[in-house]
Amino acid sequence: MSVLVYLIPIALFLGGLGLSAFFWALKSGQFEDPKGAAERILLNDDLEDED
Amino acid sequence: MTTARIVADLGCPSGLEPPADGAIIDPAPFVRHTAGLARLDLAVFGAKCAGCIRKIETAMNALPQMQSARLNLSTGRLSLVWIDGAFIPRAVTESLDRIGYRAAPFDPEAAEKESDREGRNLLRALAVSGFATANVMLLSVSVWAGGGEMGPATRELMHWVSAVIAIPAALYAGQTFFASAFRALKHGRANMDVPISLGVLLALSISVFEFFQGGEHTYFDAAVMLLFFLLIGRYLDHRLRLRARAAARDLLALQAITASRLNADGSLTSVSARDIEAGDLLALAPGDRVPVDGVIEDGSSDLDMSLVTGESAPVRGGAGALLHAGVLNLTSRLVMRATKTADASLVADLTRLIEAGEQTKSRYVRLADRAASLYVPVVHTLALATFLGWYFIGDAGFRVAIMNAVALLIITCPCALGLAAPAVQVVATGRLFRSGILVKSGDALERLAEVDVIVFDKTGTLTFGKPRISNRADIPDDVFAAAAALARISRHPLSRAIVTQAGPGKAAPHAIEVAGDGIEGTIDGVRIRLGRAAWVGAPSADDASQESWIRIGDAAPIRFQFEDRQRSDAADAIRRLEGLGLKVEMLSGDREAAAAKVASSLGIETWRAELSPHGKIEQLERLRAEGRIIAMVGDGLNDAPSLACAHASLSPGTAADATQAAADFVYQGESVSPIVEAVIVSRASRRRVIENFAFAAAYNALAMPLAAMGLVTPLIAALAMSGSSMIVTLNALRLAGGRRR
């Protein structure tokens with residue numbers, strides 16, 4: 001059972017990593033415009049020269 | 001050609017038609033100047049897809065010295081930053097108008113304030129409680145499952161880790177509930193958050209106490225799971241409210257109208273409508289909206305009064321004519337003298353009527369709140385009774401007594417109740433959204449479900465409200481194309497009708513518009529006139545319908561006839577509404593004869609015509625006095641006050657903006673049948689909410705005696721809590737299926 005001493009912190013660390021990733025995403029404005037993000041993927045900004 | 005190119009070339013359907021009313025607002029007073037940079041936030045209407053983003057951002061970046069232009073498609077807000085002084089701010093709205101989007105500036109203060117902080121805090125709390133729930137549950141499950149195999153030392157470790165995770169997480173994630181419960185208690189009231197806060201805090205402290213006593217049962221998992229489920233409900237509810245707020249915000253943006261003040265030396269200053277004083281001289285370019293009530297000093301032009309009277313045919317106005325705020329100048333430049341301030345003008349008057357109506361609506365008590373007011377005292381009394389019962393009668397000692405009381409608080413905690421209404425409403429609004437119906441708030445669904453009379457405005461709801469060519473078959477194609485080329489330069493409603501039917505194309509170069517007469521231009525060296533019969537040199541056919549004539553060179557003039565058509569499924573939709581047990585009535589501001597014709601062809605028995613906005617409200621009050629619960633359907637600005645004072649209200653997506661803002665439901669498309677669907681879904685969602693409450697009540701009736709008898713362990717509490725939440729959510733999801741089209 002002593003393996004728990006390692007496993008519980010590892011599990012918590014991984015969970016905490018996910019949580020902080022979510023906080024980062026929230027803070028950097030990635031939830032500000034979900035609809036726009038979905039549509040912008042259709043734009044070919046890299047083909048601008050063709051116009 | 002790539003997809004994006006095709007989309008950009010064709011544009012969104014919203015970009016094909018000329019803007020709804022063509023008023024161009026000068027945003028100059030709303031620009032914020034900081035350190036050599038100019039910033040402006042605009043509400044852009046009609047942007048829907050990637051093509052729209054591309055068209056708008058490309059057009060904005062084409063302006064000189066534009067630093068950044070970004071459109072937020074979710075909120076419809078366009079944020080611009082440019083080097084101060086590179087171009088006049090009006091260039092922005094003019095450029096948007098050219099590509100077919102209308103824009104209104106935000107008040108700088110409102111733009112600063114408007115950020116969804118509450119939503120982000122809820123999301124953060126939701127993430128923290130979700131993290132804690134998952135991890136604490138992992139540890140708790142092993143304690144429950146470990147049973148005989150797990151030694152006390154391991155169990156203590158599990159509880160210890162649980163406590164370290166759950167206590168800070170619950171204190172953080174529960175802030176919303178604690179704050180709200182505290183506020184309620186301070187005012188001597190009790191809301192749903194009181195038992196929630198009490199349950200969570202008691203569960204935490206009793207678990208800490210048990211942990212130090214070396215006890216077997218702790219409620220750390222229950223405390224965080226409770227918060228997690230409740231926060232899901234809170235967040236869904238918040239998103240629904242946010243949508244309603246966005247609509248109100250757009251209305252505010254539209255009121256931020258600006259005007260050009262004519263100074264004594266002949267120069268023009270752009271001012272906000274609020275700063276205009278009686279006696280000021282104002283210049284009105286074609287496409288400008290009259291900002292305050294006044295009289296025409298100089299010039300004559302066609303005026304679109306539809307916002308004020310609901311009448312769509314333009315009126316000719318010359319020097320001395322009265323102008324009401326909200327009238328749109330269509331054809332030529334005018335100088336007007338303000339006679340009232342913006343606060344005293346007609347549009348402000350209508351806004352006040354709308355606000356008065358909204359206030360009566362805000363007193364509506366939602367089903368969930370009604371359930372809470374029953375629930376709170378019952379649960380608290382029972383918890384107290386459990387404690388007293390065990391302590392004095394059962395003689396079980398303080399520890400057991402408080403443990404059982406806490407178990408009762410936890411197991412009856414309103415997870416199912418807190419999720420029941422928001423989950424159903426989110427599913428119902430999602431389903432209506434797919435059918436092109438926008439629901440502004442969750443309680444709008446509840447209110448529409450209670451309605452027993454539905455009152456229609458005629459123009460724009462049962463009919464299209466826009467003139468359409470009724471004799472297209474009699475007009476040769478080349479003549480029609482020439483007429484469309486001329487019409488594209490004009491904002492006149494009849495020109496719009498021709499352009500809409502002709503689709504996208506090129507405008508005739510060098511064509512000019514003569515106020516009150518028509519448009520003159522040259523195509524392929526031939527002079528063409530499109531306009532009034534006398535001006536074109538044609539005999540006016542003297543019937544009631546609106547008309548316009550075209551003469552190409554010296555050829556015989558050709559007549560365009562216009563009429564307002566009935567929506568094709570109006571009669572069918574009214575039959576179906578009556579089939580749902582609703583009484584259908586019609587109130588119109590239009591002439592008696594026109595209203596009678598529509599009423600008889602649709603089979604509406606009760607109707608009134610020639611009503612003012614106040615008259616419509618009086619009719620609604622009369623119905624209300626009879627004990628009827630009213631839904632109102634309307635589209636003109638003159639309908640907005642009656643929409644706001646009805647129990648529930650709907651308006652088509654083509655309606656005036658203020659009207660859409662006042663309505664609870666906005667439906668897209670050419671038909672009337674979305675109203676029927678909105679009623680059906682509202683009623684179904686009300687049924688689901690009541691079913692969910694009934695289920696929650698039944699569950700509590702079972703769980704409470706068990707908890708009071710001390711039979712509930714943390715394992716049973718966790719199963720009961722998540723089980724009931726799932727059942728409630730699944731019941732809500734049943735709505736999503738429905739009949740697919």
# chains A, B, ... in the order shown; residues from 1 in each chain; ligands from 1

call {"tool": "closest_atom_pairs", "arguments": {"of": "chain A", "to": "chain B", "cutoff": "9 Å", "atoms": "only C-alpha atoms", "output": "Markdown table"}}
result
| residue | atom | partner | partner_atom | distance |
| --- | --- | --- | --- | --- |
| A:Met1 | CA | B:Thr154 | CA | 7.9 |
| A:Ile8 | CA | B:Val161 | CA | 8.6 |
| A:Ala11 | CA | B:Asn135 | CA | 8.2 |
| A:Leu12 | CA | B:Asn135 | CA | 7.2 |
| A:Gly15 | CA | B:Phe131 | CA | 6.8 |
| A:Gly16 | CA | B:Phe131 | CA | 7.7 |
| A:Gly18 | CA | B:Phe131 | CA | 8.8 |
| A:Leu19 | CA | B:Ala127 | CA | 6.8 |
| A:Phe22 | CA | B:Ala127 | CA | 7.8 |
| A:Phe23 | CA | B:Arg124 | CA | 7.1 |
| A:Leu26 | CA | B:Arg120 | CA | 7.4 |
| A:Lys27 | CA | B:Arg120 | CA | 8.8 |
| A:Phe31 | CA | B:Arg120 | CA | 8.9 |
| A:Glu32 | CA | B:Ser74 | CA | 7.8 |
| A:Asp33 | CA | B:Ser74 | CA | 5.2 |
| A:Pro34 | CA | B:Ser74 | CA | 6.6 |
| A:Lys35 | CA | B:Ser74 | CA | 5.2 |
| A:Gly36 | CA | B:Leu73 | CA | 4.6 |
| A:Ala37 | CA | B:Leu73 | CA | 8.3 |
| A:Ala38 | CA | B:Ala50 | CA | 8.6 |
| A:Glu39 | CA | B:Ala50 | CA | 4.8 |
| A:Arg40 | CA | B:Ala50 | CA | 5.6 |
| A:Ile41 | CA | B:Ala50 | CA | 8.0 |
| A:Leu42 | CA | B:Ala4 | CA | 6.0 |
| A:Leu43 | CA | B:Ala4 | CA | 5.4 |
| A:Asn44 | CA | B:Ala4 | CA | 6.6 |
| A:Asp51 | CA | B:Arg5 | CA | 8.7 |

call {"tool": "write_last_selection", "arguments": {"atoms": "N, CA, C and O atoms", "output": "mmCIF file, in the first residue's frame"}}
result
data_model
loop_
_atom_site.group_PDB
_atom_site.id
_atom_site.type_symbol
_atom_site.label_atom_id
_atom_site.label_comp_id
_atom_site.auth_asym_id
_atom_site.auth_seq_id
_atom_site.Cartn_x
_atom_site.Cartn_y
_atom_site.Cartn_z
ATOM 1 N N MET A 1 0.824 -1.218 0.000
ATOM 2 C CA MET A 1 0.000 0.000 0.000
ATOM 3 C C MET A 1 0.852 1.259 0.000
ATOM 4 O O MET A 1 0.374 2.356 -0.220
ATOM 5 N N ILE A 8 -0.873 8.885 -5.251
ATOM 6 C CA ILE A 8 -1.846 9.956 -4.991
ATOM 7 C C ILE A 8 -1.289 11.327 -5.398
ATOM 8 O O ILE A 8 -1.945 12.061 -6.129
ATOM 9 N N ALA A 11 -1.351 11.544 -9.204
ATOM 10 C CA ALA A 11 -2.705 11.741 -9.720
ATOM 11 C C ALA A 11 -3.152 13.181 -9.512
ATOM 12 O O ALA A 11 -3.695 13.821 -10.419
ATOM 13 N N LEU A 12 -2.881 13.697 -8.310
ATOM 14 C CA LEU A 12 -3.286 15.078 -8.017
ATOM 15 C C LEU A 12 -2.524 16.070 -8.878
ATOM 16 O O LEU A 12 -3.088 17.057 -9.362
ATOM 17 N N GLY A 15 -4.051 16.046 -12.366
ATOM 18 C CA GLY A 15 -5.338 16.746 -12.324
ATOM 19 C C GLY A 15 -5.135 18.248 -12.232
ATOM 20 O O GLY A 15 -5.768 19.022 -12.938
ATOM 21 N N GLY A 16 -4.189 18.637 -11.352
ATOM 22 C CA GLY A 16 -3.899 20.056 -11.184
ATOM 23 C C GLY A 16 -3.361 20.683 -12.453
ATOM 24 O O GLY A 16 -3.682 21.823 -12.773
ATOM 25 N N GLY A 18 -4.201 19.814 -15.507
ATOM 26 C CA GLY A 18 -5.384 20.065 -16.355
ATOM 27 C C GLY A 18 -6.129 21.303 -15.893
ATOM 28 O O GLY A 18 -6.518 22.157 -16.696
ATOM 29 N N LEU A 19 -6.284 21.439 -14.575
ATOM 30 C CA LEU A 19 -7.012 22.582 -14.022
ATOM 31 C C LEU A 19 -6.309 23.884 -14.349
ATOM 32 O O LEU A 19 -6.928 24.851 -14.777
ATOM 33 N N PHE A 22 -6.778 24.845 -17.911
ATOM 34 C CA PHE A 22 -8.089 25.452 -18.137
ATOM 35 C C PHE A 22 -8.093 26.913 -17.691
ATOM 36 O O PHE A 22 -8.597 27.786 -18.393
ATOM 37 N N PHE A 23 -7.495 27.178 -16.516
ATOM 38 C CA PHE A 23 -7.437 28.561 -16.039
ATOM 39 C C PHE A 23 -6.666 29.450 -17.002
ATOM 40 O O PHE A 23 -7.053 30.579 -17.261
ATOM 41 N N LEU A 26 -8.828 30.184 -19.967
ATOM 42 C CA LEU A 26 -9.884 31.137 -19.612
ATOM 43 C C LEU A 26 -9.307 32.544 -19.543
ATOM 44 O O LEU A 26 -9.890 33.498 -20.032
ATOM 45 N N LYS A 27 -8.114 32.649 -18.961
ATOM 46 C CA LYS A 27 -7.505 33.952 -18.760
ATOM 47 C C LYS A 27 -7.047 34.563 -20.086
ATOM 48 O O LYS A 27 -7.131 35.768 -20.285
ATOM 49 N N PHE A 31 -12.316 31.688 -24.293
ATOM 50 C CA PHE A 31 -13.748 31.432 -24.208
ATOM 51 C C PHE A 31 -14.558 32.686 -24.504
ATOM 52 O O PHE A 31 -15.750 32.754 -24.279
ATOM 53 N N GLU A 32 -13.878 33.729 -25.033
ATOM 54 C CA GLU A 32 -14.549 34.992 -25.302
ATOM 55 C C GLU A 32 -15.439 34.912 -26.532
ATOM 56 O O GLU A 32 -16.476 35.525 -26.598
ATOM 57 N N ASP A 33 -15.013 34.168 -27.525
ATOM 58 C CA ASP A 33 -15.741 34.159 -28.792
ATOM 59 C C ASP A 33 -15.763 32.754 -29.397
ATOM 60 O O ASP A 33 -15.142 32.508 -30.425
ATOM 61 N N PRO A 34 -16.469 31.814 -28.754
ATOM 62 C CA PRO A 34 -16.455 30.434 -29.249
ATOM 63 C C PRO A 34 -17.011 30.316 -30.674
ATOM 64 O O PRO A 34 -16.505 29.557 -31.490
ATOM 65 N N LYS A 35 -18.040 31.112 -30.987
ATOM 66 C CA LYS A 35 -18.658 31.022 -32.309
ATOM 67 C C LYS A 35 -17.685 31.510 -33.388
ATOM 68 O O LYS A 35 -17.561 30.912 -34.444
ATOM 69 N N GLY A 36 -16.989 32.616 -33.073
ATOM 70 C CA GLY A 36 -16.038 33.177 -34.021
ATOM 71 C C GLY A 36 -14.892 32.215 -34.281
ATOM 72 O O GLY A 36 -14.467 32.029 -35.422
ATOM 73 N N ALA A 37 -14.418 31.550 -33.219
ATOM 74 C CA ALA A 37 -13.311 30.613 -33.371
ATOM 75 C C ALA A 37 -13.710 29.461 -34.289
ATOM 76 O O ALA A 37 -12.928 29.011 -35.126
ATOM 77 N N ALA A 38 -14.961 29.010 -34.162
ATOM 78 C CA ALA A 38 -15.431 27.912 -34.992
ATOM 79 C C ALA A 38 -15.501 28.308 -36.466
ATOM 80 O O ALA A 38 -15.249 27.509 -37.357
ATOM 81 N N GLU A 39 -15.840 29.574 -36.719
ATOM 82 C CA GLU A 39 -15.986 30.022 -38.115
ATOM 83 C C GLU A 39 -14.653 30.422 -38.726
ATOM 84 O O GLU A 39 -14.425 30.250 -39.917
ATOM 85 N N ARG A 40 -13.748 30.974 -37.888
ATOM 86 C CA ARG A 40 -12.492 31.492 -38.416
ATOM 87 C C ARG A 40 -11.634 30.402 -39.039
ATOM 88 O O ARG A 40 -10.789 30.677 -39.887
ATOM 89 N N ILE A 41 -11.863 29.165 -38.630
ATOM 90 C CA ILE A 41 -11.049 28.078 -39.176
ATOM 91 C C ILE A 41 -11.304 27.920 -40.672
ATOM 92 O O ILE A 41 -10.482 27.394 -41.413
ATOM 93 N N LEU A 42 -12.435 28.439 -41.144
ATOM 94 C CA LEU A 42 -12.766 28.337 -42.573
ATOM 95 C C LEU A 42 -12.037 29.376 -43.418
ATOM 96 O O LEU A 42 -12.028 29.292 -44.637
ATOM 97 N N LEU A 43 -11.464 30.374 -42.758
ATOM 98 C CA LEU A 43 -10.799 31.432 -43.520
ATOM 99 C C LEU A 43 -9.406 30.988 -43.942
ATOM 100 O O LEU A 43 -8.675 30.404 -43.152
ATOM 101 N N ASN A 44 -9.041 31.284 -45.188
ATOM 102 C CA ASN A 44 -7.711 30.933 -45.671
ATOM 103 C C ASN A 44 -6.799 32.141 -45.605
ATOM 104 O O ASN A 44 -6.455 32.731 -46.612
ATOM 105 N N ASP A 51 -5.974 36.840 -53.771
ATOM 106 C CA ASP A 51 -7.060 37.786 -54.013
ATOM 107 C C ASP A 51 -6.679 38.871 -55.015
ATOM 108 O O ASP A 51 -5.641 39.463 -54.916
#

call {"tool": "atom_distance", "arguments": {"atom1": "atom CA of B:Gln561", "atom2": "atom CA of B:Trp549"}}
result
8.6 Å

call {"tool": "atom_distance", "arguments": {"atom1": "atom CA of B:Ala278", "atom2": "atom CA of B:Arg261"}}
result
11.8 Å

call {"tool": "select_by_dssp", "arguments": {"residues": "chain A", "states": "helix (DSSP H, G or I)", "output": "PyMOL selection string"}}
result
chain A and resi 4-27+34-40+45-50

call {"tool": "write_last_selection", "arguments": {"atoms": "N, CA and C atoms", "output": "compact mmCIF listing (two decimals), in the first residue's frame"}}
result
# COMPACT_ATOMS: atom_id res chain seq x y z
N LEU A 4 0.89 4.08 -2.62
CA LEU A 4 -0.08 5.18 -2.63
C LEU A 4 0.60 6.52 -2.35
N VAL A 5 1.65 6.47 -1.56
CA VAL A 5 2.35 7.71 -1.21
C VAL A 5 2.86 8.39 -2.48
N TYR A 6 3.20 7.57 -3.50
CA TYR A 6 3.63 8.18 -4.77
C TYR A 6 2.44 8.44 -5.67
N LEU A 7 1.55 7.45 -5.74
CA LEU A 7 0.49 7.51 -6.75
C LEU A 7 -0.50 8.66 -6.50
N ILE A 8 -0.87 8.89 -5.25
CA ILE A 8 -1.85 9.96 -4.99
C ILE A 8 -1.29 11.33 -5.40
N PRO A 9 -0.04 11.66 -4.98
CA PRO A 9 0.49 12.95 -5.46
C PRO A 9 0.57 13.03 -6.98
N ILE A 10 0.96 11.92 -7.64
CA ILE A 10 1.05 11.97 -9.10
C ILE A 10 -0.33 12.26 -9.71
N ALA A 11 -1.35 11.54 -9.20
CA ALA A 11 -2.71 11.74 -9.72
C ALA A 11 -3.15 13.18 -9.51
N LEU A 12 -2.88 13.70 -8.31
CA LEU A 12 -3.29 15.08 -8.02
C LEU A 12 -2.52 16.07 -8.88
N PHE A 13 -1.24 15.79 -9.12
CA PHE A 13 -0.44 16.68 -9.94
C PHE A 13 -1.00 16.75 -11.37
N LEU A 14 -1.33 15.58 -11.93
CA LEU A 14 -1.86 15.55 -13.30
C LEU A 14 -3.20 16.29 -13.38
N GLY A 15 -4.05 16.05 -12.37
CA GLY A 15 -5.34 16.75 -12.32
C GLY A 15 -5.13 18.25 -12.23
N GLY A 16 -4.19 18.64 -11.35
CA GLY A 16 -3.90 20.06 -11.18
C GLY A 16 -3.36 20.68 -12.45
N LEU A 17 -2.61 19.89 -13.22
CA LEU A 17 -2.08 20.37 -14.49
C LEU A 17 -3.23 20.73 -15.44
N GLY A 18 -4.20 19.81 -15.51
CA GLY A 18 -5.38 20.06 -16.36
C GLY A 18 -6.13 21.30 -15.89
N LEU A 19 -6.28 21.44 -14.57
CA LEU A 19 -7.01 22.58 -14.02
C LEU A 19 -6.31 23.88 -14.35
N SER A 20 -4.96 23.88 -14.21
CA SER A 20 -4.26 25.14 -14.49
C SER A 20 -4.27 25.44 -15.98
N ALA A 21 -4.26 24.40 -16.82
CA ALA A 21 -4.37 24.63 -18.27
C ALA A 21 -5.71 25.30 -18.58
N PHE A 22 -6.78 24.85 -17.91
CA PHE A 22 -8.09 25.45 -18.14
C PHE A 22 -8.09 26.91 -17.69
N PHE A 23 -7.49 27.18 -16.52
CA PHE A 23 -7.44 28.56 -16.04
C PHE A 23 -6.67 29.45 -17.00
N TRP A 24 -5.58 28.89 -17.53
CA TRP A 24 -4.78 29.67 -18.48
C TRP A 24 -5.63 30.01 -19.71
N ALA A 25 -6.35 28.99 -20.22
CA ALA A 25 -7.16 29.20 -21.41
C ALA A 25 -8.24 30.25 -21.15
N LEU A 26 -8.83 30.18 -19.97
CA LEU A 26 -9.88 31.14 -19.61
C LEU A 26 -9.31 32.54 -19.54
N LYS A 27 -8.11 32.65 -18.96
CA LYS A 27 -7.50 33.95 -18.76
C LYS A 27 -7.05 34.56 -20.09
N PRO A 34 -16.47 31.81 -28.75
CA PRO A 34 -16.45 30.43 -29.25
C PRO A 34 -17.01 30.32 -30.67
N LYS A 35 -18.04 31.11 -30.99
CA LYS A 35 -18.66 31.02 -32.31
C LYS A 35 -17.68 31.51 -33.39
N GLY A 36 -16.99 32.62 -33.07
CA GLY A 36 -16.04 33.18 -34.02
C GLY A 36 -14.89 32.22 -34.28
N ALA A 37 -14.42 31.55 -33.22
CA ALA A 37 -13.31 30.61 -33.37
C ALA A 37 -13.71 29.46 -34.29
N ALA A 38 -14.96 29.01 -34.16
CA ALA A 38 -15.43 27.91 -34.99
C ALA A 38 -15.50 28.31 -36.47
N GLU A 39 -15.84 29.57 -36.72
CA GLU A 39 -15.99 30.02 -38.12
C GLU A 39 -14.65 30.42 -38.73
N ARG A 40 -13.75 30.97 -37.89
CA ARG A 40 -12.49 31.49 -38.42
C ARG A 40 -11.63 30.40 -39.04
N ASP A 45 -6.42 32.50 -44.39
CA ASP A 45 -5.59 33.69 -44.25
C ASP A 45 -4.24 33.52 -44.94
N ASP A 46 -3.79 32.24 -45.01
CA ASP A 46 -2.47 32.01 -45.60
C ASP A 46 -2.51 32.10 -47.13
N LEU A 47 -3.70 32.15 -47.73
CA LEU A 47 -3.80 32.25 -49.19
C LEU A 47 -4.14 33.68 -49.62
N GLU A 48 -3.89 34.63 -48.74
CA GLU A 48 -4.29 36.03 -48.97
C GLU A 48 -3.82 36.54 -50.33
N ASP A 49 -2.64 36.06 -50.79
CA ASP A 49 -2.04 36.60 -52.02
C ASP A 49 -2.90 36.39 -53.25
N GLU A 50 -3.71 35.31 -53.25
CA GLU A 50 -4.50 34.99 -54.44
C GLU A 50 -5.53 36.06 -54.79

call {"tool": "residues_around", "arguments": {"residues": "stretch 474-478 of chain B", "least_positions_apart": "2", "cutoff": "9 Å", "atoms": "only C-alpha atoms", "output": "list in words"}}
result
Asn471, Arg472, Phe480, Ala481, Ala482, Ala483, Ile558, Arg559 and Phe560 of chain B

call {"tool": "residues_around", "arguments": {"residues": "stretch 175-187 of chain B", "least_positions_apart": "2", "cutoff": "10 Å", "atoms": "only C-alpha atoms", "output": "JSON list (two decimals) with C-alpha atoms, in the first residue's frame"}}
result
[["chain", "number", "residue", "atom", "x", "y", "z"],
["B", 118, "GLU", "CA", -19.55, 36.76, -13.41],
["B", 121, "ASN", "CA", -15.96, 33.34, -12.02],
["B", 122, "LEU", "CA", -18.66, 30.69, -12.33],
["B", 125, "ALA", "CA", -15.62, 27.72, -9.55],
["B", 170, "ALA", "CA", -15.47, 23.95, -1.35],
["B", 171, "LEU", "CA", -14.68, 27.29, 0.27],
["B", 172, "TYR", "CA", -13.58, 28.67, -3.12],
["B", 173, "ALA", "CA", -16.29, 27.17, -5.31],
["B", 189, "ARG", "CA", -35.21, 36.18, 4.13],
["B", 190, "ALA", "CA", -34.24, 32.63, 3.20],
["B", 191, "ASN", "CA", -33.50, 31.56, -0.35],
["B", 192, "MET", "CA", -32.34, 28.30, -1.90],
["B", 193, "ASP", "CA", -28.72, 29.22, -1.13],
["B", 194, "VAL", "CA", -29.27, 29.12, 2.62],
["B", 195, "PRO", "CA", -29.79, 25.32, 2.89],
["B", 196, "ILE", "CA", -27.03, 24.82, 0.31],
["B", 197, "SER", "CA", -24.49, 26.88, 2.26],
["B", 198, "LEU", "CA", -25.59, 25.38, 5.55],
["B", 200, "VAL", "CA", -21.89, 22.38, 2.64],
["B", 201, "LEU", "CA", -20.40, 24.13, 5.68],
["B", 227, "LEU", "CA", -21.32, 22.27, -5.31],
["B", 230, "LEU", "CA", -25.31, 23.07, -8.45],
["B", 231, "LEU", "CA", -22.67, 25.10, -10.28],
["B", 234, "ARG", "CA", -25.96, 28.02, -12.14]]

call {"tool": "select_by_dssp", "arguments": {"residues": "stretch 18-146 of chain B", "states": "strand (DSSP E)", "output": "ChimeraX atom specification"}}
result
/B:32-34,37-45,66-72,77-83,102-105

call {"tool": "decode", "arguments": {"residues": "stretch 566-571 of chain B", "atoms": "all heavy atoms", "output": "PDB file, in the first residue's frame"}}
result
ATOM      1  N   GLN B 566     -49.705  38.587 -47.843  1.00  0.00           N
ATOM      2  CA  GLN B 566     -49.880  37.816 -46.619  1.00  0.00           C
ATOM      3  C   GLN B 566     -48.825  36.722 -46.575  1.00  0.00           C
ATOM      4  O   GLN B 566     -48.471  36.159 -47.597  1.00  0.00           O
ATOM      5  CB  GLN B 566     -51.243  37.129 -46.663  1.00  0.00           C
ATOM      6  CG  GLN B 566     -52.208  37.663 -45.650  1.00  0.00           C
ATOM      7  CD  GLN B 566     -53.571  37.094 -45.899  1.00  0.00           C
ATOM      8  OE1 GLN B 566     -53.716  35.901 -46.066  1.00  0.00           O
ATOM      9  NE2 GLN B 566     -54.554  37.969 -45.943  1.00  0.00           N
ATOM     10  N   ARG B 567     -48.339  36.390 -45.394  1.00  0.00           N
ATOM     11  CA  ARG B 567     -47.410  35.262 -45.296  1.00  0.00           C
ATOM     12  C   ARG B 567     -48.182  33.994 -45.618  1.00  0.00           C
ATOM     13  O   ARG B 567     -49.313  33.816 -45.182  1.00  0.00           O
ATOM     14  CB  ARG B 567     -46.805  35.201 -43.905  1.00  0.00           C
ATOM     15  CG  ARG B 567     -45.895  36.400 -43.645  1.00  0.00           C
ATOM     16  CD  ARG B 567     -45.177  36.278 -42.340  1.00  0.00           C
ATOM     17  NE  ARG B 567     -44.518  37.528 -42.003  1.00  0.00           N
ATOM     18  CZ  ARG B 567     -43.225  37.783 -42.212  1.00  0.00           C
ATOM     19  NH1 ARG B 567     -42.460  36.870 -42.763  1.00  0.00           N
ATOM     20  NH2 ARG B 567     -42.688  38.936 -41.875  1.00  0.00           N
ATOM     21  N   SER B 568     -47.529  33.087 -46.369  1.00  0.00           N
ATOM     22  CA  SER B 568     -48.279  32.000 -46.990  1.00  0.00           C
ATOM     23  C   SER B 568     -48.888  31.049 -45.963  1.00  0.00           C
ATOM     24  O   SER B 568     -49.960  30.496 -46.184  1.00  0.00           O
ATOM     25  CB  SER B 568     -47.373  31.233 -47.954  1.00  0.00           C
ATOM     26  OG  SER B 568     -46.198  30.863 -47.275  1.00  0.00           O
ATOM     27  N   ASP B 569     -48.216  30.865 -44.810  1.00  0.00           N
ATOM     28  CA  ASP B 569     -48.754  29.883 -43.872  1.00  0.00           C
ATOM     29  C   ASP B 569     -49.512  30.537 -42.722  1.00  0.00           C
ATOM     30  O   ASP B 569     -49.797  29.892 -41.719  1.00  0.00           O
ATOM     31  CB  ASP B 569     -47.620  29.025 -43.309  1.00  0.00           C
ATOM     32  CG  ASP B 569     -46.655  29.859 -42.484  1.00  0.00           C
ATOM     33  OD1 ASP B 569     -46.639  31.085 -42.680  1.00  0.00           O
ATOM     34  OD2 ASP B 569     -45.941  29.295 -41.650  1.00  0.00           O
ATOM     35  N   ALA B 570     -49.852  31.847 -42.884  1.00  0.00           N
ATOM     36  CA  ALA B 570     -50.493  32.564 -41.768  1.00  0.00           C
ATOM     37  C   ALA B 570     -51.806  31.890 -41.355  1.00  0.00           C
ATOM     38  O   ALA B 570     -52.037  31.642 -40.170  1.00  0.00           O
ATOM     39  CB  ALA B 570     -50.730  34.019 -42.149  1.00  0.00           C
ATOM     40  N   ALA B 571     -52.662  31.573 -42.350  1.00  0.00           N
ATOM     41  CA  ALA B 571     -53.975  30.995 -42.036  1.00  0.00           C
ATOM     42  C   ALA B 571     -53.798  29.655 -41.335  1.00  0.00           C
ATOM     43  O   ALA B 571     -54.447  29.372 -40.322  1.00  0.00           O
ATOM     44  CB  ALA B 571     -54.786  30.834 -43.311  1.00  0.00           C
TER      45      ALA B 571
END
